[in-house]
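J.: See input_22.cif below, with mmCIF, C-alpha atoms.
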```cif
data_entry
#
loop_
_atom_site.label_atom_id
_atom_site.label_comp_id
_atom_site.auth_asym_id
_atom_site.auth_seq_id
_atom_site.Cartn_x
_atom_site.Cartn_y
_atom_site.Cartn_z
CA PRO A 95 -15.46 -17.91 7.55
CA ASP A 96 -19.13 -17.88 6.54
CA GLY A 97 -18.22 -17.68 2.85
CA GLN A 98 -20.02 -14.38 2.33
CA ARG A 99 -17.04 -12.05 1.94
CA ILE A 100 -13.53 -12.13 0.52
CA ALA A 101 -10.75 -10.06 2.07
CA PHE A 102 -7.98 -8.94 -0.26
CA VAL A 103 -5.28 -6.32 -0.73
CA SER A 104 -5.40 -3.73 -3.51
CA ASP A 105 -3.44 -0.58 -4.34
CA ARG A 106 -6.27 0.89 -6.41
CA ASP A 107 -6.39 3.91 -4.08
CA GLY A 108 -2.63 4.51 -4.19
CA THR A 109 -1.28 2.13 -1.55
CA ASP A 110 -1.88 -1.46 -0.42
CA ASN A 111 -5.05 -1.32 1.71
CA LEU A 112 -7.51 -3.98 2.89
CA TRP A 113 -10.72 -4.43 0.91
CA LEU A 114 -13.81 -6.64 1.12
CA VAL A 115 -15.98 -7.96 -1.70
CA ALA A 116 -18.70 -10.59 -2.07
CA PRO A 117 -17.88 -13.73 -4.07
CA ASP A 118 -20.10 -12.47 -6.91
CA GLY A 119 -18.15 -9.19 -7.10
CA SER A 120 -20.73 -7.02 -5.38
CA GLY A 121 -20.36 -4.93 -2.21
CA LEU A 122 -16.81 -3.78 -2.83
CA ARG A 123 -15.56 -1.57 -0.01
CA LYS A 124 -12.30 -0.47 1.55
CA ILE A 125 -11.82 -1.02 5.29
CA THR A 126 -8.42 0.67 5.81
CA SER A 127 -7.22 4.05 4.62
CA GLU A 128 -3.47 3.92 5.06
CA VAL A 129 -1.25 6.37 3.21
CA ASN A 130 2.18 5.75 4.78
CA HIS A 131 1.80 2.01 5.40
CA SER A 132 0.90 -1.08 3.37
CA PHE A 133 -0.94 -4.30 4.21
CA SER A 134 -0.47 -7.87 2.99
CA SER A 135 -1.60 -11.43 3.79
CA PRO A 136 -5.04 -10.82 5.34
CA ALA A 137 -6.46 -13.60 7.54
CA TRP A 138 -9.95 -13.80 9.06
CA SER A 139 -10.67 -14.27 12.76
CA PRO A 140 -12.96 -17.29 13.36
CA ASP A 141 -15.96 -15.07 14.16
CA GLY A 142 -15.58 -13.17 10.86
CA GLN A 143 -15.42 -9.80 12.64
CA TYR A 144 -11.73 -9.04 12.34
CA ILE A 145 -8.90 -9.32 9.87
CA VAL A 146 -5.25 -9.75 10.85
CA ALA A 147 -2.68 -8.67 8.26
CA ARG A 148 0.96 -7.70 7.93
CA ARG A 149 1.48 -3.92 8.17
CA PHE A 150 4.73 -2.24 7.16
CA GLY A 151 6.11 1.17 6.30
CA GLY A 152 5.83 2.37 2.74
CA TYR A 153 8.68 2.38 0.23
CA PRO A 154 11.34 3.79 0.31
CA SER A 155 11.48 4.20 4.08
CA ALA A 156 14.90 2.80 4.96
CA GLU A 157 13.87 2.28 8.58
CA ASN A 158 10.59 0.44 8.16
CA TYR A 159 10.19 -0.89 4.65
CA LEU A 160 9.79 -4.66 5.12
CA THR A 161 12.36 -4.74 7.93
CA ASN A 162 9.82 -4.27 10.74
CA VAL A 163 6.53 -6.02 9.94
CA PRO A 164 4.09 -6.41 12.84
CA LEU A 165 0.67 -8.05 12.58
CA TRP A 166 -2.26 -5.64 12.74
CA MET A 167 -5.89 -6.40 13.58
CA VAL A 168 -8.66 -4.40 11.89
CA HIS A 169 -12.44 -4.65 12.32
CA VAL A 170 -14.47 -5.41 9.19
CA ASP A 171 -16.35 -2.13 9.68
CA GLY A 172 -13.08 -0.22 9.39
CA GLY A 173 -11.09 1.91 11.79
CA SER A 174 -7.40 2.39 12.47
CA GLY A 175 -6.89 -1.08 13.95
CA VAL A 176 -4.38 -2.18 16.60
CA GLN A 177 -1.09 -4.05 16.64
CA VAL A 178 -1.73 -7.59 17.85
CA PHE A 179 1.74 -9.15 17.45
CA PRO A 180 4.26 -8.57 18.84
CA THR A 181 2.54 -7.11 21.90
CA ASP A 182 5.47 -4.78 22.50
CA ALA A 183 4.92 -2.08 19.89
CA SER A 184 8.59 -1.07 20.08
CA ALA A 185 9.87 -4.56 19.19
CA LYS A 186 11.40 -4.85 15.72
CA THR A 187 10.32 -8.16 14.20
CA THR A 188 9.26 -9.39 10.78
CA ASN A 189 6.14 -11.57 10.73
CA THR A 190 4.37 -13.38 7.92
CA GLY A 191 0.71 -14.18 7.45
CA ALA A 192 -1.11 -15.26 10.61
CA ALA A 193 -3.49 -18.16 11.23
CA PHE A 194 -6.05 -18.45 14.05
CA SER A 195 -6.89 -21.56 15.99
CA PRO A 196 -10.61 -22.47 15.58
CA ASP A 197 -11.47 -20.94 18.97
CA GLY A 198 -9.58 -17.76 18.17
CA ASN A 199 -7.44 -17.97 21.31
CA THR A 200 -4.17 -18.85 19.54
CA LEU A 201 -2.52 -16.97 16.74
CA TYR A 202 0.07 -18.95 14.78
CA VAL A 203 2.72 -16.78 13.14
CA SER A 204 5.98 -17.18 11.25
CA THR A 205 8.46 -14.70 12.65
CA HIS A 206 12.09 -13.65 12.78
CA SER A 207 14.01 -10.93 14.58
CA GLY A 208 13.59 -8.30 11.89
CA GLY A 209 15.59 -6.83 9.06
CA TYR A 210 16.55 -8.41 5.77
CA THR A 211 17.26 -12.15 6.01
CA GLY A 212 19.06 -12.46 2.67
CA GLU A 213 20.69 -15.87 2.51
CA ASN A 214 20.05 -16.64 6.20
CA LEU A 215 17.82 -19.61 5.49
CA GLY A 216 15.85 -20.72 8.53
CA SER A 217 15.41 -17.29 10.10
CA TYR A 218 11.62 -17.59 9.90
CA GLN A 219 10.18 -20.00 12.50
CA ILE A 220 6.64 -20.77 13.72
CA GLU A 221 5.42 -19.46 17.06
CA ALA A 222 2.06 -19.89 18.81
CA PHE A 223 0.83 -16.69 20.46
CA ASP A 224 -1.73 -17.16 23.25
CA ARG A 225 -4.00 -14.12 23.02
CA ARG A 226 -5.32 -14.66 26.57
CA THR A 227 -1.98 -14.75 28.38
CA GLY A 228 0.26 -12.96 25.87
CA GLU A 229 2.75 -15.83 25.96
CA THR A 230 4.47 -17.24 22.87
CA THR A 231 5.70 -20.80 22.29
CA ARG A 232 8.27 -21.70 19.64
CA LEU A 233 7.00 -24.63 17.52
CA THR A 234 9.72 -25.10 14.89
CA ALA A 235 13.49 -24.80 14.68
CA GLY A 236 14.35 -26.53 11.39
CA ALA A 237 17.15 -25.39 9.10
CA GLY A 238 14.64 -24.81 6.29
CA GLY A 239 12.55 -22.41 8.35
CA GLY A 240 8.88 -22.48 9.31
CA LEU A 241 6.66 -20.50 6.95
CA ARG A 242 3.00 -19.48 6.64
CA PRO A 243 1.24 -21.73 9.23
CA VAL A 244 -2.34 -22.89 8.60
CA ALA A 245 -4.56 -24.49 11.29
CA SER A 246 -7.25 -27.04 10.46
CA PRO A 247 -10.90 -26.17 11.24
CA ASP A 248 -11.16 -29.04 13.72
CA GLY A 249 -8.11 -27.78 15.63
CA ARG A 250 -6.12 -30.98 15.24
CA TRP A 251 -3.57 -30.11 12.56
CA LEU A 252 -1.09 -27.37 11.82
CA VAL A 253 0.50 -27.24 8.38
CA TYR A 254 3.50 -25.07 7.52
CA ALA A 255 5.97 -24.66 4.66
CA THR A 256 9.70 -25.25 4.91
CA ARG A 257 12.70 -25.46 2.58
CA THR A 258 14.18 -28.88 1.93
CA GLY A 259 17.14 -28.96 -0.44
CA ASP A 260 16.14 -26.85 -3.44
CA ARG A 261 12.38 -27.30 -2.91
CA THR A 262 9.74 -25.79 -0.66
CA ALA A 263 7.59 -28.49 0.91
CA LEU A 264 4.73 -28.77 3.42
CA ARG A 265 4.91 -30.41 6.81
CA ILE A 266 1.95 -31.26 9.07
CA ARG A 267 1.90 -31.40 12.87
CA ASP A 268 -0.60 -33.24 15.03
CA LEU A 269 -1.38 -30.68 17.74
CA GLU A 270 -2.55 -33.45 20.08
CA THR A 271 0.47 -35.78 19.84
CA HIS A 272 3.01 -33.21 18.50
CA GLU A 273 4.02 -35.69 15.79
CA ASP A 274 5.48 -33.83 12.81
CA ARG A 275 5.74 -35.38 9.32
CA TRP A 276 6.01 -34.49 5.64
CA LEU A 277 2.76 -33.80 3.82
CA VAL A 278 3.82 -32.56 0.35
CA ASP A 279 7.34 -32.82 -1.03
CA GLY A 280 7.16 -29.91 -3.49
CA THR A 281 5.10 -26.72 -3.83
CA GLN A 282 5.54 -23.15 -4.98
CA ARG A 283 8.99 -21.70 -4.20
CA ASP A 284 9.12 -19.56 -1.05
CA ASP A 285 10.72 -16.11 -0.85
CA GLN A 286 12.96 -16.41 2.20
CA GLU A 287 15.88 -14.76 0.38
CA GLY A 288 13.86 -11.68 -0.55
CA TYR A 289 11.96 -8.93 1.21
CA ALA A 290 8.67 -10.79 0.56
CA PRO A 291 6.24 -7.82 0.43
CA ASN A 292 3.32 -10.16 -0.34
CA ASP A 293 4.41 -12.74 2.27
CA VAL A 294 7.15 -15.31 2.25
CA PHE A 295 4.89 -18.08 0.87
CA PRO A 296 1.62 -18.07 -1.13
CA GLY A 297 -1.66 -18.57 0.72
CA TYR A 298 -3.19 -22.06 1.03
CA ALA A 299 -5.93 -23.60 3.19
CA PHE A 300 -7.59 -26.64 4.70
CA THR A 301 -10.89 -27.83 3.29
CA PRO A 302 -13.81 -27.32 5.75
CA ASP A 303 -13.74 -31.02 6.77
CA SER A 304 -10.03 -30.78 7.75
CA ARG A 305 -9.25 -33.81 5.58
CA SER A 306 -7.38 -32.08 2.76
CA VAL A 307 -5.16 -29.09 2.11
CA VAL A 308 -5.48 -27.02 -1.06
CA PHE A 309 -2.26 -25.39 -2.23
CA HIS A 310 -0.45 -24.08 -5.30
CA GLY A 311 2.35 -26.01 -6.96
CA GLY A 312 3.77 -26.49 -10.43
CA GLY A 313 1.45 -23.84 -11.86
CA LYS A 314 -1.64 -25.79 -10.75
CA ILE A 315 -4.16 -25.73 -7.91
CA ARG A 316 -3.65 -28.99 -6.03
CA ARG A 317 -5.26 -30.93 -3.20
CA VAL A 318 -3.42 -33.26 -0.81
CA ASP A 319 -5.21 -35.81 1.36
CA VAL A 320 -4.01 -35.50 4.97
CA ALA A 321 -4.32 -39.21 5.68
CA THR A 322 -2.84 -40.70 2.51
CA ARG A 323 -0.66 -37.79 1.23
CA ALA A 324 -2.17 -38.41 -2.21
CA VAL A 325 -1.96 -35.26 -4.36
CA THR A 326 -4.51 -34.49 -7.08
CA THR A 327 -4.91 -31.53 -9.41
CA ILE A 328 -8.06 -29.42 -9.16
CA PRO A 329 -9.14 -28.45 -12.70
CA PHE A 330 -9.53 -24.74 -13.18
CA THR A 331 -10.58 -22.62 -16.13
CA ALA A 332 -11.64 -18.99 -16.37
CA ASP A 333 -13.24 -16.93 -19.11
CA VAL A 334 -11.41 -13.62 -19.00
CA ALA A 335 -11.96 -10.59 -21.21
CA LEU A 336 -9.12 -8.08 -21.09
CA GLY A 337 -9.13 -4.83 -22.98
CA MET A 338 -6.03 -4.11 -25.00
CA GLY A 339 -4.65 -0.71 -25.80
CA GLU A 340 -3.59 0.43 -29.22
CA ARG A 341 -0.48 -1.29 -30.46
CA LEU A 342 2.54 0.94 -30.15
CA PHE A 343 4.95 0.42 -33.01
CA LEU A 344 7.84 2.67 -33.92
CA PRO A 345 9.75 1.52 -37.01
CA LEU A 346 13.48 1.52 -36.34
CA ARG A 347 15.54 2.57 -39.32
CA VAL A 348 19.11 1.24 -39.37
CA ASP A 349 21.27 3.67 -41.32
CA ASP A 350 23.69 1.92 -43.68
CA GLY A 351 25.54 5.09 -44.67
CA PRO A 352 28.56 6.75 -43.00
CA LEU A 353 28.62 6.31 -39.22
CA ASP A 354 28.14 9.43 -37.13
CA VAL A 355 30.53 8.97 -34.21
CA THR A 356 29.22 10.74 -31.13
CA GLN A 357 31.71 9.57 -28.48
CA LEU A 358 35.42 10.40 -28.71
CA VAL A 359 37.65 8.84 -26.05
CA SER A 360 41.03 10.06 -24.78
CA THR A 361 41.14 13.12 -27.03
CA THR A 362 44.61 14.70 -27.03
CA GLU A 363 46.25 17.63 -28.83
CA SER A 364 49.69 17.72 -30.46
CA PRO A 365 52.29 19.97 -28.77
CA ASP A 366 52.05 22.56 -31.56
CA GLY A 367 48.25 22.50 -31.48
CA GLY A 368 48.03 21.50 -35.14
CA ARG A 369 46.56 18.01 -34.79
CA LEU A 370 44.20 16.00 -32.62
CA ALA A 371 44.38 12.32 -31.79
CA PHE A 372 41.53 10.37 -30.27
CA ALA A 373 40.05 6.88 -29.96
CA ALA A 374 36.64 6.08 -31.44
CA VAL A 375 34.86 2.85 -32.41
CA GLY A 376 37.86 0.86 -31.20
CA HIS A 377 40.64 2.56 -33.17
CA VAL A 378 42.97 5.58 -33.00
CA TRP A 379 42.28 8.49 -35.35
CA THR A 380 44.01 11.78 -36.15
CA ALA A 381 42.59 14.99 -37.57
CA PRO A 382 44.15 18.37 -38.47
CA ARG A 383 43.13 21.55 -36.66
CA THR A 384 41.89 24.22 -39.10
CA THR A 385 40.83 27.82 -38.79
CA THR A 386 37.19 26.74 -38.93
CA GLY A 387 37.41 23.67 -36.69
CA ILE A 388 38.51 20.08 -37.28
CA GLY A 389 39.49 18.57 -40.60
CA THR A 390 38.61 15.11 -41.90
CA PRO A 391 39.70 12.35 -39.47
CA ARG A 392 41.62 9.32 -40.67
CA ARG A 393 42.86 6.19 -39.00
CA LEU A 394 46.43 6.17 -37.78
CA THR A 395 46.91 2.45 -38.66
CA ASP A 396 45.05 -0.33 -40.42
CA ALA A 397 45.54 -2.88 -37.60
CA ASP A 398 42.69 -5.19 -36.55
CA ALA A 399 43.35 -4.98 -32.79
CA ARG A 400 41.41 -2.53 -30.67
CA GLU A 401 43.33 0.70 -30.01
CA HIS A 402 43.00 3.00 -27.00
CA TYR A 403 44.55 5.97 -25.13
CA PRO A 404 46.58 7.83 -27.81
CA ALA A 405 49.32 10.24 -26.65
CA PHE A 406 51.69 12.54 -28.62
CA SER A 407 55.43 12.47 -28.04
CA PRO A 408 56.90 15.75 -26.68
CA ASP A 409 58.21 16.69 -30.13
CA GLY A 410 54.88 15.83 -31.79
CA ARG A 411 56.43 13.39 -34.28
CA TRP A 412 54.98 10.22 -32.78
CA ILE A 413 51.71 8.96 -31.36
CA ALA A 414 51.74 6.14 -28.82
CA TRP A 415 48.71 4.02 -27.94
CA VAL A 416 47.67 0.79 -26.27
CA SER A 417 46.30 -2.20 -28.18
CA TRP A 418 44.13 -5.07 -26.96
CA THR A 419 42.91 -8.41 -28.30
CA ASP A 420 41.19 -11.08 -26.24
CA GLN A 421 43.54 -13.69 -27.66
CA GLU A 422 46.91 -11.92 -27.15
CA GLY A 423 46.29 -9.27 -24.51
CA GLY A 424 47.67 -5.74 -24.70
CA TYR A 425 50.83 -3.99 -25.95
CA VAL A 426 52.17 -0.44 -26.21
CA TRP A 427 52.78 0.86 -29.77
CA LYS A 428 53.95 3.98 -31.55
CA ALA A 429 53.67 5.29 -35.12
CA PRO A 430 54.54 8.51 -36.94
CA ALA A 431 51.92 11.13 -36.18
CA ASP A 432 51.47 11.88 -39.91
CA GLY A 433 50.71 8.21 -40.64
CA SER A 434 53.72 7.86 -42.95
CA GLY A 435 55.34 4.86 -41.27
CA ALA A 436 54.52 1.39 -39.97
CA PRO A 437 53.60 0.93 -36.32
CA VAL A 438 56.35 -0.14 -33.91
CA ARG A 439 55.60 -2.34 -30.91
CA LEU A 440 57.32 -1.03 -27.78
CA THR A 441 56.57 -3.82 -25.27
CA ASP A 442 57.37 -7.53 -25.50
CA GLU A 443 55.14 -9.08 -22.82
CA PRO A 444 51.34 -8.93 -23.20
CA ALA A 445 49.62 -7.12 -20.35
CA TYR A 446 46.64 -5.01 -19.45
CA VAL A 447 48.03 -1.52 -20.03
CA ARG A 448 46.32 1.78 -19.45
#
```
Go ahead and render the structure in this file as structure tokens.

T.:
Amino acid sequence: PDGQRIAFVSDRDGTDNLWLVAPDGSGLRKITSEVNHSFSSPAWSPDGQYIVARRFGGYPSAENYLTNVPLWMVHVDGGSGVQVFPTDASAKTTNTGAAFSPDGNTLYVSTHSGGYTGENLGSYQIEAFDRRTGETTRLTAGAGGGLRPVASPDGRWLVYATRTGDRTALRIRDLETHEDRWLVDGTQRDDQEGYAPNDVFPGYAFTPDSRSVVFHGGGKIRRVDVATRAVTTIPFTADVALGMGERLFLPLRVDDGPLDVTQLVSTTESPDGGRLAFAAVGHVWTAPRTTTGIGTPRRLTDADAREHYPAFSPDGRWIAWVSWTDQEGGYVWKAPADGSGAPVRLTDEPAYVR
């Protein structure tokens, strides 16, 4: 709140922990040392002494990974922290980034009953948690949900995100009159259908004078005036130097000689053991058995249709198979096993045959 430190989440030590750094990049330090849990969406208490963040079990824990996400409070000097919402540590709920009232007595949260919401749009709703009494008050119940609340520094306004049609928009509530109206009709898409490990909606904030809200939308940083709803784009540029590794390039040689077939399908042996039939690259082939192995394969027919599942007749004179074309469907055929005769179609009606 005093502008001297930035709280953020980083996995540079192996998992998502809370870190602090000065705006000029100095004073980097870690304030949590979780191994089996992760943090996301840090929010400052008004006095700048505590950070509230989402805390959830590490992947791939089937029981806790993003299906039970309480809010955890940690002191800026470190320590294990404590669960602040819900107050019942055994309750299974999923909560998104918190926002304090200016006096620190109320914690606004977006919450649902826990588990994966999937396509259950509207599961997340805004609640106000009174830290003095432990009571909660439901503030929203819209079909588009209530996401990522933000309180104004003067305590008058509460802004939250919600889905409207195919867009995520911002609404603003007057905490004195309880009037609720649209503020911005389109922002960054929310993540209500997903597990939302980094929160269900990107962070945004009031300006210190409580007259504007700065948010992300359309790939830009934007400002909306609370009174007029006028939206302007905040210009932003950054000089970034990124090191690049050596280019990895492996030339791929496409062989234009004979094809080495490595997958034979439905291989079958003639009753006398003298020949093999199999399907490969979409056609039926036969090959003689020799004393040293397999002789040179050759196609049984010259048809264009794909051929599958060859089978010898009991006397070994014929080979039957199934054909398929996307235009005509499938038929059952037979041909002399030695390839001496024309194929004969055995079925009249096209079908999927196997």

J.: Between CA of Leu394 (chain A) and CA of Val447 (chain A), measure the distance and give it in Å to one decimal.

T.: 19.4 Å

J.: Counting only C-alpha atoms, note down every residue that has an atom within 9 Å of the point (-1.8, 1.4, -1.8) (file coordinates), as a VMD selection string.

T.: chain A and resid 103 to 111 127 to 133 152

J.: Quick one: which residues end up in the PyMOL selection byres ((chain A and resi 401) around 6) for this structure, as a list in words?

T.: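 Taken on the displayed file, the PyMOL selection byres ((chain A and resi 401) around 6) yields the residues Gly376, His377, Val378, Arg400, His402, Val416 and Ser417 of chain A.
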
J.: With C-alpha atoms retained, write the just-selected residues as a PDB file, in the coordinates of the input.

T.:
```pdb
ATOM      1  CA  GLY A 376      37.860   0.860 -31.200  1.00  0.00           C
ATOM      2  CA  HIS A 377      40.640   2.560 -33.170  1.00  0.00           C
ATOM      3  CA  VAL A 378      42.970   5.580 -33.000  1.00  0.00           C
ATOM      4  CA  ARG A 400      41.410  -2.530 -30.670  1.00  0.00           C
ATOM      5  CA  HIS A 402      43.000   3.000 -27.000  1.00  0.00           C
ATOM      6  CA  VAL A 416      47.670   0.790 -26.270  1.00  0.00           C
ATOM      7  CA  SER A 417      46.300  -2.200 -28.180  1.00  0.00           C
TER       8      SER A 417
END
```

J.: Return as JSON, numbers by chain the set of residues that the PyMOL selection byres ((chain A and resi 322-338) around 10) yields on the displayed structure.

T.: {"A": [276, 277, 278, 279, 305, 306, 307, 308, 309, 310, 311, 314, 315, 316, 317, 318, 319, 320, 321, 339, 340, 341]}

J.: Do you know which residues the PyMOL selection byres ((chain A and resi 258) around 9) returns on this file, as JSON, numbers by chain?

T.: {"A": [237, 238, 256, 257, 259, 260, 261, 262, 263, 279, 280]}

J.: Using C-alpha atoms, can you write the selected residues to a file as a tab-separated table (two decimals), keeping the file's coordinate frame?

T.:
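Heads up, here's the output in selection35.tsv:
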```tsv
chain	number	residue	atom	x	y	z
A	237	ALA	CA	17.15	-25.39	9.10
A	238	GLY	CA	14.64	-24.81	6.29
A	256	THR	CA	9.70	-25.25	4.91
A	257	ARG	CA	12.70	-25.46	2.58
A	259	GLY	CA	17.14	-28.96	-0.44
A	260	ASP	CA	16.14	-26.85	-3.44
A	261	ARG	CA	12.38	-27.30	-2.91
A	262	THR	CA	9.74	-25.79	-0.66
A	263	ALA	CA	7.59	-28.49	0.91
A	279	ASP	CA	7.34	-32.82	-1.03
A	280	GLY	CA	7.16	-29.91	-3.49
```

J.: Check the smallest atom-to-atom distance from each of A:Thr187, A:Ser434, A:Ser204, A:Gln177 to Arg411 (chain A) using only C-alpha atoms, then report the winner.

T.: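 Under the stated criterion, the closest residue is A:Ser434.
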
J.: Using only C-alpha atoms, determine which residues lie at most 9 Å from Pro164 (chain A), disregarding the query and same-chain residues fewer than 2 positions distant; provide the list as a PyMOL selection string.

T.: chain A and resi 147-150+162+166+177-180+183+185-190

J.: For CA of Gly191 (chain A) and CA of Thr227 (chain A), determine how far apart the two atoms are, in Å to one decimal place.

T.: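 Computing the Euclidean distance for CA of Gly191 (chain A) and CA of Thr227 (chain A) yields 21.1 Å.
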
J.: Between A:Pro382, A:Gly175, A:Pro296, A:Pro391, single out the one closest to Leu241 (chain A), counting only C-alpha atoms.

T.: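 Among the listed residues, A:Pro296 lies closest to Leu241 (chain A).
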
J.: Please list as a PyMOL selection string every residue within 7 Å of Glu221 (chain A), counting all atoms listed in the file and excluding residues in the same chain fewer than 2 positions away.

T.: chain A and resi 202-204+219+223+230-233

J.: One decimal, Å: what's the distance from CA of Arg267 (chain A) over to CA of Arg242 (chain A), could you say?

T.: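 Straight-line distance from CA of Arg267 (chain A) to CA of Arg242 (chain A) works out to 13.5 Å.
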
J.: Residues within 7 Å of His169 (chain A), please, as a ChimeraX atom specification. Count all atoms listed in the file; anything in the same chain fewer than 2 positions from it doesn't count.

T.: /A:143-145,167,171-173,175

J.: Neighbouring residues of Thr361 (chain A) were defined as those with any atom within 9 Å, considering only C-alpha atoms; residues of the same chain fewer than 5 positions away were excluded. Please report them as a list in words.

T.: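 Close residues of Thr361 (chain A): Leu370, Ala371, Phe372, Ala373, Tyr403, Pro404 and Ala405 of chain A.
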
J.: Could you tell me which of A:Thr441, A:Thr395, A:Thr380, A:Ser407 comes closest to Asp366 (chain A) if we count all atoms listed in the file?

T.: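 Closest candidate: A:Ser407.
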
J.: Would you please work out which residue, of A:Thr234, A:Gln282, A:Thr301, A:Ser135, is nearest to Ala192 (chain A) when using all atoms listed in the file?

T.: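 Under the stated criterion, the closest residue is A:Ser135.
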
J.: Kindly indicate which residue among A:Ala299, A:Ala397, A:Ala235, A:Leu122 lies nearest to Ile100 (chain A), using only C-alpha atoms for the distances.

T.: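 Among the listed residues, the smallest separation from Ile100 (chain A) belongs to A:Leu122.
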
J.: Which residue, A:Asp141, A:Phe194, A:Ser134, A:Val176, has the smallest gap to Asp96 (chain A) when you use all atoms listed in the file?

T.: A:Asp141
